[in-house]
$ cat start-v2.pdb   # PDB, C-alpha atoms, pLDDT in the B column
ATOM      1  CA  MET F 194     -48.407 -15.992   3.221  1.00 93.00           C
ATOM      2  CA  VAL F 195     -47.468 -18.543   5.857  1.00 94.00           C
ATOM      3  CA  LEU F 196     -46.068 -17.693   9.293  1.00 96.00           C
ATOM      4  CA  ALA F 197     -43.203 -19.886  10.441  1.00 96.00           C
ATOM      5  CA  ASP F 198     -40.378 -20.231  12.931  1.00 95.00           C
ATOM      6  CA  TYR F 199     -37.787 -20.587  10.171  1.00 96.00           C
ATOM      7  CA  VAL F 200     -37.663 -20.112   6.412  1.00 96.00           C
ATOM      8  CA  ARG F 201     -34.811 -20.601   3.965  1.00 96.00           C
ATOM      9  CA  ILE F 202     -35.195 -19.930   0.263  1.00 94.00           C
ATOM     10  CA  ASP F 203     -32.758 -21.948  -1.859  1.00 93.00           C
ATOM     11  CA  ASN F 204     -32.876 -22.168  -5.669  1.00 87.00           C
ATOM     12  CA  GLY F 205     -36.605 -21.480  -5.815  1.00 83.00           C
ATOM     13  CA  ILE F 206     -37.483 -23.926  -3.030  1.00 90.00           C
ATOM     14  CA  ALA F 207     -38.836 -22.757   0.329  1.00 93.00           C
ATOM     15  CA  HIS F 208     -37.666 -24.770   3.328  1.00 96.00           C
ATOM     16  CA  ILE F 209     -40.155 -23.991   6.106  1.00 96.00           C
ATOM     17  CA  ILE F 210     -40.044 -25.160   9.737  1.00 96.00           C
ATOM     18  CA  GLY F 211     -42.771 -24.610  12.333  1.00 94.00           C
ATOM     19  CA  ALA F 212     -45.342 -23.328   9.852  1.00 94.00           C
ATOM     20  CA  ASN F 213     -48.930 -22.120  10.090  1.00 92.00           C
ATOM     21  CA  PHE F 214     -49.102 -21.447  13.821  1.00 93.00           C
ATOM     22  CA  ASP F 215     -51.765 -19.065  15.100  1.00 94.00           C
ATOM     23  CA  THR F 216     -50.875 -18.897  18.803  1.00 95.00           C
ATOM     24  CA  ILE F 217     -47.809 -17.606  20.605  1.00 94.00           C
ATOM     25  CA  TYR F 218     -47.382 -18.478  24.267  1.00 94.00           C
ATOM     26  CA  ALA F 219     -45.638 -15.861  26.379  1.00 94.00           C
ATOM     27  CA  SER F 220     -44.870 -16.486  30.037  1.00 92.00           C
ATOM     28  CA  GLN F 221     -44.256 -12.773  30.567  1.00 93.00           C
ATOM     29  CA  LEU F 222     -44.744  -9.473  28.772  1.00 94.00           C
ATOM     30  CA  PRO F 223     -43.303  -7.611  27.079  1.00 94.00           C
ATOM     31  CA  SER F 224     -41.953 -10.420  24.936  1.00 93.00           C
ATOM     32  CA  ALA F 225     -40.137 -10.335  21.609  1.00 94.00           C
ATOM     33  CA  ARG F 226     -39.975 -12.959  18.893  1.00 94.00           C
ATOM     34  CA  THR F 227     -38.891 -13.044  15.284  1.00 95.00           C
ATOM     35  CA  VAL F 228     -41.593 -14.517  13.089  1.00 95.00           C
ATOM     36  CA  HIS F 229     -40.932 -15.408   9.457  1.00 96.00           C
ATOM     37  CA  ALA F 230     -43.491 -14.742   6.736  1.00 96.00           C
ATOM     38  CA  ALA F 231     -42.995 -17.078   3.788  1.00 95.00           C
ATOM     39  CA  LEU F 232     -44.462 -15.360   0.741  1.00 95.00           C
ATOM     40  CA  ARG F 233     -44.990 -16.816  -2.725  1.00 93.00           C
ATOM     41  CA  PHE F 234     -45.807 -14.469  -5.543  1.00 90.00           C
ATOM     42  CA  VAL F 235     -46.878 -15.551  -8.993  1.00 88.00           C
ATOM     43  CA  ALA F 236     -46.509 -12.929 -11.709  1.00 84.00           C
ATOM     44  CA  SER F 237     -49.386 -12.231 -14.013  1.00 78.00           C
ATOM     45  CA  ARG F 238     -48.853 -12.937 -17.671  1.00 75.00           C
ATOM     46  CA  ASP F 239     -48.734  -9.159 -18.194  1.00 78.00           C
ATOM     47  CA  ASP F 240     -45.790  -8.684 -15.815  1.00 81.00           C
ATOM     48  CA  VAL F 241     -42.456  -8.295 -17.527  1.00 82.00           C
ATOM     49  CA  PRO F 242     -39.138  -9.323 -15.991  1.00 84.00           C
ATOM     50  CA  GLY F 243     -37.754  -6.443 -13.937  1.00 88.00           C
ATOM     51  CA  ALA F 244     -41.205  -5.001 -13.126  1.00 87.00           C
ATOM     52  CA  SER F 245     -41.463  -4.012  -9.472  1.00 91.00           C
ATOM     53  CA  HIS F 246     -44.328  -4.025  -6.998  1.00 93.00           C
ATOM     54  CA  ALA F 247     -44.532  -2.277  -3.605  1.00 96.00           C
ATOM     55  CA  LEU F 248     -44.807  -4.763  -0.722  1.00 96.00           C
ATOM     56  CA  GLN F 249     -45.850  -4.001   2.842  1.00 97.00           C
ATOM     57  CA  LEU F 250     -46.558  -6.120   5.914  1.00 97.00           C
ATOM     58  CA  ILE F 251     -48.613  -4.290   8.534  1.00 97.00           C
ATOM     59  CA  ILE F 252     -48.541  -5.651  12.088  1.00 96.00           C
ATOM     60  CA  SER F 253     -51.448  -4.697  14.356  1.00 95.00           C
ATOM     61  CA  SER F 254     -52.643  -5.454  17.854  1.00 93.00           C
ATOM     62  CA  GLU F 255     -56.321  -5.308  18.795  1.00 90.00           C
ATOM     63  CA  ASP F 256     -56.365  -1.529  19.028  1.00 89.00           C
ATOM     64  CA  ARG F 257     -53.502  -0.125  16.938  1.00 92.00           C
ATOM     65  CA  GLN F 258     -50.862  -0.636  14.287  1.00 93.00           C
ATOM     66  CA  ILE F 259     -47.611  -1.600  16.010  1.00 91.00           C
ATOM     67  CA  GLY F 260     -45.273  -1.821  13.042  1.00 92.00           C
ATOM     68  CA  SER F 261     -44.757  -2.381   9.370  1.00 95.00           C
ATOM     69  CA  LEU F 262     -42.149  -3.703   6.977  1.00 95.00           C
ATOM     70  CA  THR F 263     -41.778  -2.532   3.411  1.00 95.00           C
ATOM     71  CA  GLY F 264     -40.001  -3.939   0.411  1.00 93.00           C
ATOM     72  CA  THR F 265     -40.157  -4.386  -3.314  1.00 93.00           C
ATOM     73  CA  VAL F 266     -41.066  -7.491  -5.288  1.00 91.00           C
ATOM     74  CA  VAL F 267     -39.127  -7.582  -8.550  1.00 91.00           C
ATOM     75  CA  ILE F 268     -40.320  -9.991 -11.237  1.00 86.00           C
ATOM     76  CA  PRO F 269     -37.403 -12.292 -12.119  1.00 85.00           C
ATOM     77  CA  ASP F 270     -36.275 -13.259 -15.609  1.00 82.00           C
ATOM     78  CA  ARG F 271     -37.688 -16.479 -16.996  1.00 78.00           C
ATOM     79  CA  SER F 272     -35.404 -19.480 -16.713  1.00 78.00           C
ATOM     80  CA  PRO F 273     -34.156 -20.780 -20.062  1.00 83.00           C
ATOM     81  CA  GLY F 274     -36.539 -23.368 -21.469  1.00 84.00           C
ATOM     82  CA  THR F 275     -39.546 -22.151 -19.456  1.00 80.00           C
ATOM     83  CA  PRO F 276     -42.720 -22.435 -21.546  1.00 82.00           C
ATOM     84  CA  VAL F 277     -44.099 -19.043 -22.584  1.00 76.00           C
ATOM     85  CA  HIS F 278     -47.513 -19.731 -21.002  1.00 80.00           C
ATOM     86  CA  TRP F 279     -46.040 -20.476 -17.533  1.00 80.00           C
ATOM     87  CA  ARG F 280     -46.359 -17.801 -14.899  1.00 80.00           C
ATOM     88  CA  THR F 281     -43.141 -16.879 -13.119  1.00 82.00           C
ATOM     89  CA  GLY F 282     -43.093 -17.543  -9.372  1.00 84.00           C
ATOM     90  CA  LEU F 283     -40.997 -16.023  -6.624  1.00 89.00           C
ATOM     91  CA  PHE F 284     -40.509 -16.937  -2.944  1.00 92.00           C
ATOM     92  CA  ILE F 285     -39.672 -14.281  -0.348  1.00 93.00           C
ATOM     93  CA  ASP F 286     -38.869 -14.651   3.362  1.00 95.00           C
ATOM     94  CA  MET F 287     -39.646 -11.587   5.474  1.00 95.00           C
ATOM     95  CA  GLN F 288     -38.470 -11.616   9.062  1.00 95.00           C
ATOM     96  CA  ILE F 289     -40.899  -9.818  11.347  1.00 95.00           C
ATOM     97  CA  PRO F 290     -39.559  -8.536  14.681  1.00 93.00           C
ATOM     98  CA  LEU F 291     -42.711  -8.920  16.765  1.00 92.00           C
ATOM     99  CA  LEU F 292     -42.849  -7.084  20.098  1.00 91.00           C
ATOM    100  CA  MET F 293     -45.793  -8.280  22.141  1.00 92.00           C
ATOM    101  CA  THR F 294     -46.788  -5.917  24.949  1.00 93.00           C
ATOM    102  CA  THR F 295     -50.267  -7.288  25.663  1.00 94.00           C
ATOM    103  CA  TYR F 296     -52.039 -10.616  25.520  1.00 96.00           C
ATOM    104  CA  GLY F 297     -54.754 -10.825  22.893  1.00 96.00           C
ATOM    105  CA  ASP F 298     -55.254 -10.730  19.151  1.00 97.00           C
ATOM    106  CA  TYR F 299     -52.751  -9.539  16.574  1.00 96.00           C
ATOM    107  CA  ALA F 300     -52.881  -9.488  12.766  1.00 96.00           C
ATOM    108  CA  ILE F 301     -50.315  -9.377   9.986  1.00 97.00           C
ATOM    109  CA  ASP F 302     -51.671  -7.897   6.759  1.00 97.00           C
ATOM    110  CA  LEU F 303     -50.027  -8.395   3.365  1.00 97.00           C
ATOM    111  CA  VAL F 304     -50.384  -5.358   1.087  1.00 97.00           C
ATOM    112  CA  LEU F 305     -49.147  -5.304  -2.518  1.00 95.00           C
ATOM    113  CA  ASN F 306     -49.305  -2.063  -4.521  1.00 95.00           C
ATOM    114  CA  GLY F 307     -51.679  -0.597  -1.922  1.00 96.00           C
ATOM    115  CA  GLU F 308     -54.138  -3.521  -2.056  1.00 97.00           C
ATOM    116  CA  GLN F 309     -54.545  -5.832   0.939  1.00 97.00           C
ATOM    117  CA  LEU F 310     -54.186  -9.395  -0.345  1.00 96.00           C
ATOM    118  CA  LYS F 311     -54.193 -11.397   2.865  1.00 96.00           C
ATOM    119  CA  SER F 312     -54.467 -11.116   6.634  1.00 96.00           C
ATOM    120  CA  VAL F 313     -53.164 -13.691   9.087  1.00 96.00           C
ATOM    121  CA  ASP F 314     -54.549 -13.708  12.629  1.00 96.00           C
ATOM    122  CA  LEU F 315     -52.293 -14.428  15.562  1.00 95.00           C
ATOM    123  CA  ARG F 316     -53.075 -14.568  19.251  1.00 96.00           C
ATOM    124  CA  VAL F 317     -50.771 -14.147  22.221  1.00 96.00           C
ATOM    125  CA  VAL F 318     -51.759 -16.032  25.363  1.00 96.00           C
ATOM    126  CA  PRO F 319     -50.132 -16.475  28.783  1.00 95.00           C
ATOM    127  CA  GLY F 320     -48.325 -19.657  29.731  1.00 88.00           C
ATOM    128  CA  ARG F 321     -46.600 -22.421  27.842  1.00 80.00           C
ATOM    129  CA  PRO F 322     -47.989 -24.836  25.245  1.00 70.00           C
ATOM    130  CA  GLU F 323     -49.138 -28.248  26.390  1.00 70.00           C
ATOM    131  CA  VAL F 324     -46.925 -31.001  25.040  1.00 67.00           C
TER     132      VAL F 324
END
$ encode --input "start-v2.pdb" --output "structure tokens"
Amino acid sequence: MVLADYVRIDNGIAHIIGANFDTIYASQLPSARTVHAALRFVASRDDVPGASHALQLIISSEDRQIGSLTGTVVIPDRSPGTPVHWRTGLFIDMQIPLLMTTYGDYAIDLVLNGEQLKSVDLRVVPGRPEV
């Protein structure tokens, strides 16, 4: 999972702009921003095309959960000519409407089928970035 300003998925290619930031500058609060989470899933060899997995992104501030997004990851069919031993991959872009009401630490947790796979830390600080 990579946080970014913009993500476009096109024919299995992820076009990502402004990726891997860990700080958001906010001159005033509350402040809202849409953050993209670029996700790449690789199916296990046991997954069959059409199998689905429950996906959740949990957004938390320092002291509480402030939101979550849910979805389903569906394993795609293999492209013709794909070697049998290759694992099928899938890109997903999830847009996260992030409402920041306090300065401090936030986290976005990636949960698949009830198991947390990754957590990305994010901090919100006053001011503007130095150029």
$ resolve_selection --input "start-v2.pdb" --expression "the PyMOL selection byres ((chain F and resi 210) around 7)" --output "list in words"
Ala197, Asp198, Tyr199, Val200, His208, Ile209, Gly211 and Ala212 of chain F
$ closest_residue --input "start-v2.pdb" --among "F:Ile206, F:Ile301, F:Ala219, F:Leu196" --to "Val318 in chain F" --atoms "only C-alpha atoms"
F:Ala219
$ resolve_selection --input "start-v2.pdb" --expression "the PyMOL selection byres ((chain F and resi 235-246) around 9)" --output "JSON, numbers by chain"
{"F": [233, 234, 247, 248, 264, 265, 266, 267, 268, 269, 270, 271, 278, 279, 280, 281, 282, 283, 284, 305, 306]}
$ write_last_selection --input "start-v2.pdb" --atoms "C-alpha atoms" --output "CSV table (one decimal), in the frame of the given file"
chain,number,residue,atom,x,y,z
F,233,ARG,CA,-45.0,-16.8,-2.7
F,234,PHE,CA,-45.8,-14.5,-5.5
F,247,ALA,CA,-44.5,-2.3,-3.6
F,248,LEU,CA,-44.8,-4.8,-0.7
F,264,GLY,CA,-40.0,-3.9,0.4
F,265,THR,CA,-40.2,-4.4,-3.3
F,266,VAL,CA,-41.1,-7.5,-5.3
F,267,VAL,CA,-39.1,-7.6,-8.6
F,268,ILE,CA,-40.3,-10.0,-11.2
F,269,PRO,CA,-37.4,-12.3,-12.1
F,270,ASP,CA,-36.3,-13.3,-15.6
F,271,ARG,CA,-37.7,-16.5,-17.0
F,278,HIS,CA,-47.5,-19.7,-21.0
F,279,TRP,CA,-46.0,-20.5,-17.5
F,280,ARG,CA,-46.4,-17.8,-14.9
F,281,THR,CA,-43.1,-16.9,-13.1
F,282,GLY,CA,-43.1,-17.5,-9.4
F,283,LEU,CA,-41.0,-16.0,-6.6
F,284,PHE,CA,-40.5,-16.9,-2.9
F,305,LEU,CA,-49.1,-5.3,-2.5
F,306,ASN,CA,-49.3,-2.1,-4.5
$ resolve_selection --input "start-v2.pdb" --expression "the PyMOL selection byres ((chain F and resi 310) around 12)" --output "number ranges by chain"
F: 194, 232, 234, 248-251, 301-309, 311-313
$ residues_around --input "start-v2.pdb" --residues "Ile217 in chain F" --least-positions-apart "6" --cutoff "8 Å" --atoms "all atoms listed in the file" --output "number ranges by chain"
F: 315-318
$ write_last_selection --input "start-v2.pdb" --atoms "C-alpha atoms" --output "PDB file, keeping the file's coordinate frame"
ATOM      1  CA  LEU F 315     -52.293 -14.428  15.562  1.00 95.00           C
ATOM      2  CA  ARG F 316     -53.075 -14.568  19.251  1.00 96.00           C
ATOM      3  CA  VAL F 317     -50.771 -14.147  22.221  1.00 96.00           C
ATOM      4  CA  VAL F 318     -51.759 -16.032  25.363  1.00 96.00           C
TER       5      VAL F 318
END
$ closest_residue --input "start-v2.pdb" --among "F:Ser261, F:Asp298, F:Ala231, F:Gln288" --to "Ile202 in chain F" --atoms "all atoms listed in the file"
F:Ala231
$ atom_distance --input "start-v2.pdb" --atom1 "CA of Arg201 in chain F" --atom2 "CA of Asn213 in chain F"
15.5 Å
$ closest_residue --input "start-v2.pdb" --among "F:Ala207, F:Glu323, F:Pro290, F:Gln221" --to "Ile259 in chain F" --atoms "only C-alpha atoms"
F:Pro290
$ closest_residue --input "start-v2.pdb" --among "F:Asp215, F:Asp203, F:Asp286, F:Asp314" --to "Ile252 in chain F" --atoms "all atoms listed in the file"
F:Asp314
$ closest_residue --input "start-v2.pdb" --among "F:Gly205, F:Tyr218, F:Val195, F:Gly260" --to "Leu291 in chain F" --atoms "only C-alpha atoms"
F:Gly260
$ closest_residue --input "start-v2.pdb" --among "F:Met287, F:Thr216, F:Gln258, F:Ser253" --to "Ala230 in chain F" --atoms "all atoms listed in the file"
F:Met287
$ atom_distance --input "start-v2.pdb" --atom1 "CA of Thr263 in chain F" --atom2 "CA of Tyr296 in chain F"
25.7 Å
$ atom_distance --input "start-v2.pdb" --atom1 "CA of Ile289 in chain F" --atom2 "CA of Phe214 in chain F"
14.4 Å
$ residues_near_point --input "start-v2.pdb" --point "(-46.4, -7.8, 20.9)" --cutoff "7 Å" --atoms "only C-alpha atoms" --output "count of residues only"
8
$ build_atoms --input "start-v2.pdb" --residues "range 250-279 of chain F" --atoms "N, CA and C atoms" --output "short mmCIF file (atom, residue, chain, number, x, y, z; two decimals), in the frame of the given file"
data_model
loop_
_atom_site.label_atom_id
_atom_site.label_comp_id
_atom_site.auth_asym_id
_atom_site.auth_seq_id
_atom_site.Cartn_x
_atom_site.Cartn_y
_atom_site.Cartn_z
N LEU F 250 -45.92 -5.31 4.88
CA LEU F 250 -46.56 -6.12 5.91
C LEU F 250 -46.90 -5.18 7.05
N ILE F 251 -48.16 -5.16 7.46
CA ILE F 251 -48.61 -4.29 8.53
C ILE F 251 -48.96 -5.16 9.73
N ILE F 252 -48.34 -4.87 10.87
CA ILE F 252 -48.54 -5.65 12.09
C ILE F 252 -49.40 -4.83 13.03
N SER F 253 -50.52 -5.42 13.49
CA SER F 253 -51.45 -4.70 14.36
C SER F 253 -51.80 -5.53 15.57
N SER F 254 -52.04 -4.82 16.68
CA SER F 254 -52.64 -5.45 17.85
C SER F 254 -54.14 -5.17 17.77
N GLU F 255 -54.87 -5.48 18.84
CA GLU F 255 -56.32 -5.31 18.80
C GLU F 255 -56.73 -3.86 18.57
N ASP F 256 -55.93 -2.91 19.06
CA ASP F 256 -56.36 -1.53 19.03
C ASP F 256 -55.48 -0.57 18.23
N ARG F 257 -54.36 -1.07 17.66
CA ARG F 257 -53.50 -0.12 16.94
C ARG F 257 -52.49 -0.86 16.06
N GLN F 258 -51.96 -0.11 15.10
CA GLN F 258 -50.86 -0.64 14.29
C GLN F 258 -49.58 -0.52 15.11
N ILE F 259 -48.82 -1.62 15.19
CA ILE F 259 -47.61 -1.60 16.01
C ILE F 259 -46.33 -1.66 15.18
N GLY F 260 -46.47 -1.81 13.88
CA GLY F 260 -45.27 -1.82 13.04
C GLY F 260 -45.60 -2.18 11.61
N SER F 261 -44.60 -1.98 10.76
CA SER F 261 -44.76 -2.38 9.37
C SER F 261 -43.38 -2.60 8.76
N LEU F 262 -43.35 -3.44 7.76
CA LEU F 262 -42.15 -3.70 6.98
C LEU F 262 -42.49 -3.41 5.53
N THR F 263 -41.55 -2.82 4.81
CA THR F 263 -41.78 -2.53 3.41
C THR F 263 -40.67 -3.14 2.57
N GLY F 264 -40.98 -3.38 1.34
CA GLY F 264 -40.00 -3.94 0.41
C GLY F 264 -40.53 -3.83 -1.00
N THR F 265 -39.79 -4.40 -1.91
CA THR F 265 -40.16 -4.39 -3.31
C THR F 265 -40.06 -5.80 -3.87
N VAL F 266 -41.08 -6.21 -4.59
CA VAL F 266 -41.07 -7.49 -5.29
C VAL F 266 -40.68 -7.19 -6.73
N VAL F 267 -39.58 -7.77 -7.18
CA VAL F 267 -39.13 -7.58 -8.55
C VAL F 267 -39.33 -8.89 -9.31
N ILE F 268 -40.03 -8.80 -10.43
CA ILE F 268 -40.32 -9.99 -11.24
C ILE F 268 -39.02 -10.49 -11.86
N PRO F 269 -38.67 -11.76 -11.59
CA PRO F 269 -37.40 -12.29 -12.12
C PRO F 269 -37.50 -12.63 -13.61
N ASP F 270 -36.33 -12.78 -14.23
CA ASP F 270 -36.28 -13.26 -15.61
C ASP F 270 -36.76 -14.70 -15.66
N ARG F 271 -37.28 -15.08 -16.80
CA ARG F 271 -37.69 -16.48 -17.00
C ARG F 271 -36.44 -17.35 -17.13
N SER F 272 -36.49 -18.52 -16.55
CA SER F 272 -35.40 -19.48 -16.71
C SER F 272 -35.39 -19.98 -18.15
N PRO F 273 -34.21 -20.25 -18.69
CA PRO F 273 -34.16 -20.78 -20.06
C PRO F 273 -34.99 -22.06 -20.18
N GLY F 274 -35.74 -22.17 -21.25
CA GLY F 274 -36.54 -23.37 -21.47
C GLY F 274 -37.91 -23.33 -20.83
N THR F 275 -38.23 -22.25 -20.08
CA THR F 275 -39.55 -22.15 -19.46
C THR F 275 -40.60 -21.89 -20.53
N PRO F 276 -41.67 -22.66 -20.54
CA PRO F 276 -42.72 -22.44 -21.55
C PRO F 276 -43.29 -21.01 -21.43
N VAL F 277 -43.62 -20.42 -22.53
CA VAL F 277 -44.10 -19.04 -22.58
C VAL F 277 -45.37 -18.85 -21.76
N HIS F 278 -46.24 -19.86 -21.71
CA HIS F 278 -47.51 -19.73 -21.00
C HIS F 278 -47.38 -19.89 -19.48
N TRP F 279 -46.21 -20.31 -18.97
CA TRP F 279 -46.04 -20.48 -17.53
C TRP F 279 -45.91 -19.12 -16.87
#
